[in-house]
file my_file_8.cif (mmCIF, C-alpha atoms)
data_target
loop_
_atom_site.label_atom_id
_atom_site.label_comp_id
_atom_site.auth_asym_id
_atom_site.auth_seq_id
_atom_site.Cartn_x
_atom_site.Cartn_y
_atom_site.Cartn_z
CA MET A 1 119.96 104.74 111.35
CA ASN A 2 123.34 103.05 111.05
CA ASN A 3 123.65 99.44 109.99
CA SER A 4 124.73 98.14 113.42
CA LYS A 5 121.49 99.38 114.99
CA ARG A 6 119.49 97.93 112.10
CA VAL A 7 121.17 94.55 112.66
CA MET A 8 120.40 94.76 116.39
CA ILE A 9 116.72 95.55 115.74
CA PHE A 10 116.51 92.75 113.17
CA THR A 11 118.10 90.26 115.60
CA ILE A 12 115.72 91.16 118.44
CA ALA A 13 112.69 90.78 116.15
CA LEU A 14 113.95 87.49 114.73
CA MET A 15 114.65 86.03 118.19
CA SER A 16 111.14 87.06 119.28
CA VAL A 17 109.66 85.13 116.35
CA ILE A 18 111.83 82.07 117.08
CA ILE A 19 110.76 82.08 120.76
CA LEU A 20 107.05 82.44 119.96
CA LEU A 21 106.96 80.05 116.98
CA PRO A 22 106.55 76.80 119.02
CA PHE A 23 103.50 78.28 120.78
CA ILE A 24 102.01 79.39 117.46
CA LEU A 25 102.51 75.90 115.99
CA THR A 26 100.79 74.32 119.02
CA PHE A 27 97.73 76.57 118.86
CA THR A 28 97.31 76.15 115.09
CA TYR A 29 97.71 72.37 114.91
CA THR A 30 95.67 70.53 112.30
CA ASN A 31 95.92 67.05 110.79
CA LYS A 32 93.93 67.89 107.67
CA THR A 33 96.32 67.52 104.75
CA ALA A 34 94.28 69.84 102.55
CA TYR A 35 94.91 72.74 104.89
CA LEU A 36 98.57 72.10 105.77
CA GLN A 37 99.93 74.37 103.03
CA ILE A 38 97.58 77.18 104.06
CA ARG A 39 98.44 76.61 107.71
CA TYR A 40 102.19 76.90 107.15
CA SER A 41 101.71 79.98 104.96
CA ASN A 42 99.58 81.62 107.65
CA ILE A 43 102.10 80.79 110.37
CA LEU A 44 104.93 82.34 108.33
CA PHE A 45 102.90 85.43 107.50
CA PHE A 46 101.70 85.89 111.07
CA SER A 47 105.22 85.44 112.43
CA PHE A 48 107.07 87.66 109.99
CA VAL A 49 104.41 90.16 108.93
CA ILE A 50 102.75 90.83 112.28
CA ILE A 51 105.05 89.76 115.14
CA PHE A 52 108.32 90.64 113.40
CA SER A 53 107.04 94.04 112.22
CA LEU A 54 105.53 94.93 115.60
CA VAL A 55 108.72 94.06 117.49
CA GLN A 56 110.87 96.04 115.05
CA SER A 57 108.53 99.01 115.40
CA LEU A 58 108.63 98.95 119.22
CA VAL A 59 112.43 98.67 119.30
CA ARG A 60 112.75 101.56 116.82
CA ILE A 61 110.54 103.74 119.01
CA PHE A 62 112.65 102.86 122.06
CA ILE A 63 115.96 103.56 120.30
CA THR A 64 114.84 106.90 118.82
CA SER A 65 113.22 108.11 122.06
CA LYS A 66 116.45 109.73 123.25
CA TYR A 67 116.47 111.97 120.15
CA TYR A 68 112.81 112.95 120.47
CA ILE A 69 113.23 116.20 122.39
CA LYS A 70 110.25 118.48 121.75
CA ASP A 71 112.22 121.66 122.41
CA LYS A 72 114.51 120.78 119.49
CA ILE A 73 111.71 120.13 116.96
CA LEU A 74 111.33 122.97 114.46
CA PHE A 75 108.78 121.43 112.09
CA SER A 76 107.72 118.04 110.73
CA LEU A 77 106.76 116.56 107.36
CA LYS A 78 105.17 113.33 106.15
CA LEU A 79 107.11 110.46 104.60
CA SER A 80 106.65 109.96 100.88
CA PRO A 81 104.90 106.56 100.53
CA SER A 82 106.24 103.82 98.28
CA LYS A 83 104.25 102.82 95.21
CA LEU A 84 102.26 99.58 95.03
CA TYR A 85 103.81 98.58 91.70
CA ASN A 86 107.20 98.36 93.43
CA ARG A 87 105.86 95.42 95.48
CA LEU A 88 103.87 93.54 92.83
CA VAL A 89 106.80 91.34 91.78
CA PHE A 90 107.35 90.38 95.42
CA TYR A 91 103.68 89.45 95.84
CA PHE A 92 103.67 87.32 92.68
CA GLN A 93 106.81 85.53 93.87
CA LEU A 94 105.12 84.66 97.17
CA ILE A 95 102.09 83.24 95.39
CA ALA A 96 104.28 81.21 93.02
CA MET A 97 106.32 79.82 95.93
CA SER A 98 103.09 78.55 97.52
CA ILE A 99 101.60 77.09 94.34
CA ILE A 100 104.70 75.06 93.40
CA PRO A 101 104.49 72.71 96.47
CA LEU A 102 100.80 72.07 95.71
CA ILE A 103 101.66 71.05 92.15
CA LYS A 104 104.51 68.79 93.32
CA ASN A 105 102.21 67.06 95.84
CA ASN A 106 99.41 66.65 93.28
CA SER A 107 97.18 68.75 95.56
CA PHE A 108 96.56 71.49 93.02
CA ASN A 109 92.90 71.91 92.06
CA ASN A 110 90.35 74.69 91.71
CA PHE A 111 89.46 74.57 95.41
CA SER A 112 93.04 74.67 96.69
CA PHE A 113 93.95 77.42 94.21
CA SER A 114 90.93 79.54 95.17
CA LEU A 115 91.66 79.02 98.86
CA LEU A 116 95.30 79.98 98.35
CA ILE A 117 94.46 83.15 96.42
CA PHE A 118 91.85 84.13 99.02
CA ASN A 119 94.39 83.56 101.78
CA PHE A 120 97.04 85.65 100.04
CA THR A 121 94.54 88.42 99.32
CA ILE A 122 93.92 88.74 103.06
CA TRP A 123 97.63 88.87 103.89
CA ILE A 124 98.47 91.30 101.09
CA THR A 125 95.67 93.53 102.39
CA ILE A 126 97.20 93.34 105.89
CA ILE A 127 100.66 94.20 104.52
CA GLU A 128 99.27 97.18 102.62
CA LEU A 129 97.36 98.27 105.73
CA PHE A 130 100.59 98.11 107.76
CA LEU A 131 102.34 100.22 105.13
CA TYR A 132 99.48 102.73 105.10
CA ILE A 133 99.67 103.05 108.90
CA SER A 134 103.46 103.40 108.73
CA TYR A 135 103.44 106.24 106.22
CA LYS A 136 100.53 107.96 107.94
CA TYR A 137 101.88 107.83 111.50
CA THR A 138 105.64 108.06 110.93
CA LYS A 139 106.86 111.65 110.90
CA VAL A 140 110.04 113.30 109.68
CA TYR A 141 111.09 115.81 112.34
CA PHE A 142 113.47 118.59 111.37
CA MET A 143 115.34 119.38 114.55
CA THR A 144 118.06 121.80 115.53
CA ASP A 145 120.80 119.18 115.16
CA GLY A 146 119.44 116.70 112.62
CA ILE A 147 116.49 114.89 111.09
CA LEU A 148 114.54 112.32 113.10
CA ILE A 149 112.25 109.74 111.46
CA ARG A 150 110.01 108.29 114.14
CA GLY A 151 106.53 106.94 114.69
CA LEU A 152 104.43 103.82 114.27
CA ASP A 153 106.75 102.39 111.64
CA LEU A 154 105.63 98.84 110.81
CA ARG A 155 107.81 98.50 107.71
CA MET A 156 109.97 95.39 107.77
CA ASP A 157 113.68 96.17 107.53
CA LEU A 158 116.24 93.54 106.47
CA PRO A 159 119.77 94.94 107.02
CA ILE A 160 121.32 93.18 104.04
CA ASN A 161 123.20 96.33 102.96
CA ASP A 162 123.92 99.89 104.04
CA ASP A 163 121.39 101.39 101.63
CA ILE A 164 118.85 103.54 103.49
CA ARG A 165 115.34 104.24 102.18
CA SER A 166 113.70 106.64 104.64
CA HIS A 167 114.41 104.30 107.54
CA SER A 168 113.43 105.30 111.06
CA GLY A 169 116.34 106.83 112.93
CA PHE A 170 118.29 110.01 113.59
CA TYR A 171 120.36 111.63 110.85
CA PRO A 172 122.68 114.53 111.79
CA TYR A 173 122.74 117.28 109.19
CA PHE A 174 126.39 116.59 108.41
CA ASP A 175 125.32 113.11 107.17
CA ILE A 176 123.22 114.66 104.40
CA GLU A 177 125.05 115.54 101.19
CA ASN A 178 122.43 117.44 99.17
CA PHE A 179 118.73 117.63 98.35
CA THR A 180 116.39 117.83 95.38
CA ILE A 181 112.76 118.90 95.14
CA LYS A 182 110.51 117.53 92.41
CA ASN A 183 106.71 117.29 92.30
CA ASN A 184 106.50 118.30 95.98
CA ILE A 185 108.85 115.47 97.00
CA LEU A 186 111.93 116.48 98.98
CA LYS A 187 114.73 113.96 98.51
CA LEU A 188 117.64 114.17 100.95
CA GLN A 189 120.71 112.29 99.73
CA ILE A 190 122.87 110.69 102.43
CA TYR A 191 126.64 110.85 102.09
CA GLY A 192 128.50 107.94 100.51
CA ASN A 193 125.58 106.82 98.33
CA ARG A 194 124.06 105.17 101.42
CA GLY A 195 120.53 105.95 100.37
CA TYR A 196 118.10 108.79 100.84
CA ILE A 197 115.14 110.20 102.76
CA GLU A 198 112.00 111.18 100.84
CA VAL A 199 109.30 113.41 102.32
CA ILE A 200 106.22 115.21 101.06
CA ILE A 201 106.70 118.96 101.06
CA PRO A 202 103.73 121.40 100.71
CA SER A 203 104.14 124.01 97.99
CA ASP A 204 103.88 126.91 100.45
CA LYS A 205 106.79 125.55 102.51
CA ILE A 206 109.29 124.83 99.73
CA LYS A 207 111.07 128.18 99.92
CA HIS A 208 111.22 128.12 103.74
CA ILE A 209 112.63 124.58 103.85
CA LYS A 210 115.21 125.28 101.11
CA THR A 211 116.43 128.27 103.08
CA TYR A 212 116.61 126.24 106.27
CA LEU A 213 118.55 123.38 104.67
CA GLU A 214 121.00 125.83 103.10
CA SER A 215 121.57 127.35 106.54
CA LYS A 216 122.70 123.86 107.59
CA LYS A 217 125.16 123.72 104.65
CA ILE A 218 122.94 121.35 102.68
CA TYR A 219 122.47 122.63 99.15
CA CYS A 220 120.17 121.81 96.26
CA LYS A 221 121.84 119.38 93.86
CA ASN A 222 120.32 121.10 90.82
CA ALA A 223 121.85 124.41 91.86
CA HIS A 224 125.43 123.10 91.49
#

call {"tool": "encode", "arguments": {"input": "my_file_8.cif", "output": "structure tokens"}}
result
Amino acid sequence: MNNSKRVMIFTIALMSVIILLPFILTFTYTNKTAYLQIRYSNILFFSFVIIFSLVQSLVRIFITSKYYIKDKILFSLKLSPSKLYNRLVFYFQLIAMSIIPLIKNNSFNNFSFSLLIFNFTIWITIIELFLYISYKYTKVYFMTDGILIRGLDLRMDLPINDDIRSHSGFYPYFDIENFTIKNNILKLQIYGNRGYIEVIIPSDKIKHIKTYLESKKIYCKNAH
């Protein structure tokens, strides 16, 4: 998916959060100082993990619907999921960002720390569940005129650069420079170092898929 569409999807999701945020603040009001930090953390997580991700997913499905023509689908594969260790630094940063205000306000104690960790454990579990659903129910469709990534994709996308990492969208075959296959992972490199698409490829289909990609003038990088 090109960057302009990614920006559009991001903007729609962000505006949805901004519109709904006053209602969320009203329904979650509390005057208990001990729970204010947890409250604000939960509001941010709910807004940007659940609402933002759901809106982005729905808009992606709508945008890619015009490419989803069943008569053009030849076969489909599953996305290669990202590894948990790639997100650990991000999770630790979130926890640290929440602990620092407690320390500054002299509100840090065993109870507040335990409550904070418990709260983050729930949200990290929800994030991982969203990612599991995304990789399970988002398919990579090999079509007559390109590759379509579409499904219940709840992954949050921030269009801060043109680098693509298996993003939902339609990719014409002429946008793909080459491919590699390693440990049953097919990696399709997009022209201009704009990223790649990674899919799981069964051993019994490797030869068939290599032949098909070569028929589309997409060649194995290792063969050059």

call {"tool": "residues_around", "arguments": {"input": "my_file_8.cif", "residues": "Asp163 in chain A", "least_positions_apart": "4", "cutoff": "9 Å", "atoms": "only C-alpha atoms", "output": "PyMOL selection string"}}
result
chain A and resi 3+159+193-196

call {"tool": "resolve_selection", "arguments": {"input": "my_file_8.cif", "expression": "the PyMOL selection byres ((chain A and resi 57-67) around 8)", "output": "list in words"}}
result
Ile9, Ser53, Leu54, Val55, Gln56, Tyr68, Ile69, Leu148, Arg150, Gly151, Leu152, Asp153, Leu154, Arg155, Ser168, Gly169 and Phe170 of chain A

call {"tool": "closest_residue", "arguments": {"input": "my_file_8.cif", "among": "A:Gln189, A:Thr144, A:Thr26, A:Ser76", "to": "Arg165 in chain A", "atoms": "all atoms listed in the file"}}
result
A:Gln189

call {"tool": "atom_distance", "arguments": {"input": "my_file_8.cif", "atom1": "CA of Tyr141 in chain A", "atom2": "CA of Leu77 in chain A"}}
result
6.6 Å

call {"tool": "atom_distance", "arguments": {"input": "my_file_8.cif", "atom1": "CA of Phe10 in chain A", "atom2": "CA of Tyr171 in chain A"}}
result
19.4 Å

call {"tool": "resolve_selection", "arguments": {"input": "my_file_8.cif", "expression": "the PyMOL selection byres ((chain A and resi 80-82) around 8)", "output": "list in words"}}
result
Lys78, Leu79, Lys83, Leu84, Asn86, Tyr135, Ile185, Glu198, Val199 and Ile200 of chain A

call {"tool": "atom_distance", "arguments": {"input": "my_file_8.cif", "atom1": "CA of Lys205 in chain A", "atom2": "CA of Asp175 in chain A"}}
result
22.8 Å

call {"tool": "closest_residue", "arguments": {"input": "my_file_8.cif", "among": "A:Leu116, A:Met143, A:Ile176, A:Leu131", "to": "Lys217 in chain A", "atoms": "all atoms listed in the file"}}
result
A:Ile176

call {"tool": "closest_residue", "arguments": {"input": "my_file_8.cif", "among": "A:Ile127, A:Val7, A:Leu74, A:Leu115", "to": "Ile209 in chain A", "atoms": "all atoms listed in the file"}}
result
A:Leu74

call {"tool": "residues_around", "arguments": {"input": "my_file_8.cif", "residues": "Lys187 in chain A", "least_positions_apart": "2", "cutoff": "6 Å", "atoms": "all atoms listed in the file", "output": "list in words"}}
result
Phe179, Thr180, Ile197 and Glu198 of chain A

call {"tool": "closest_residue", "arguments": {"input": "my_file_8.cif", "among": "A:Ile190, A:Ile50, A:Asp162, A:Phe75", "to": "Ile126 in chain A", "atoms": "only C-alpha atoms"}}
result
A:Ile50
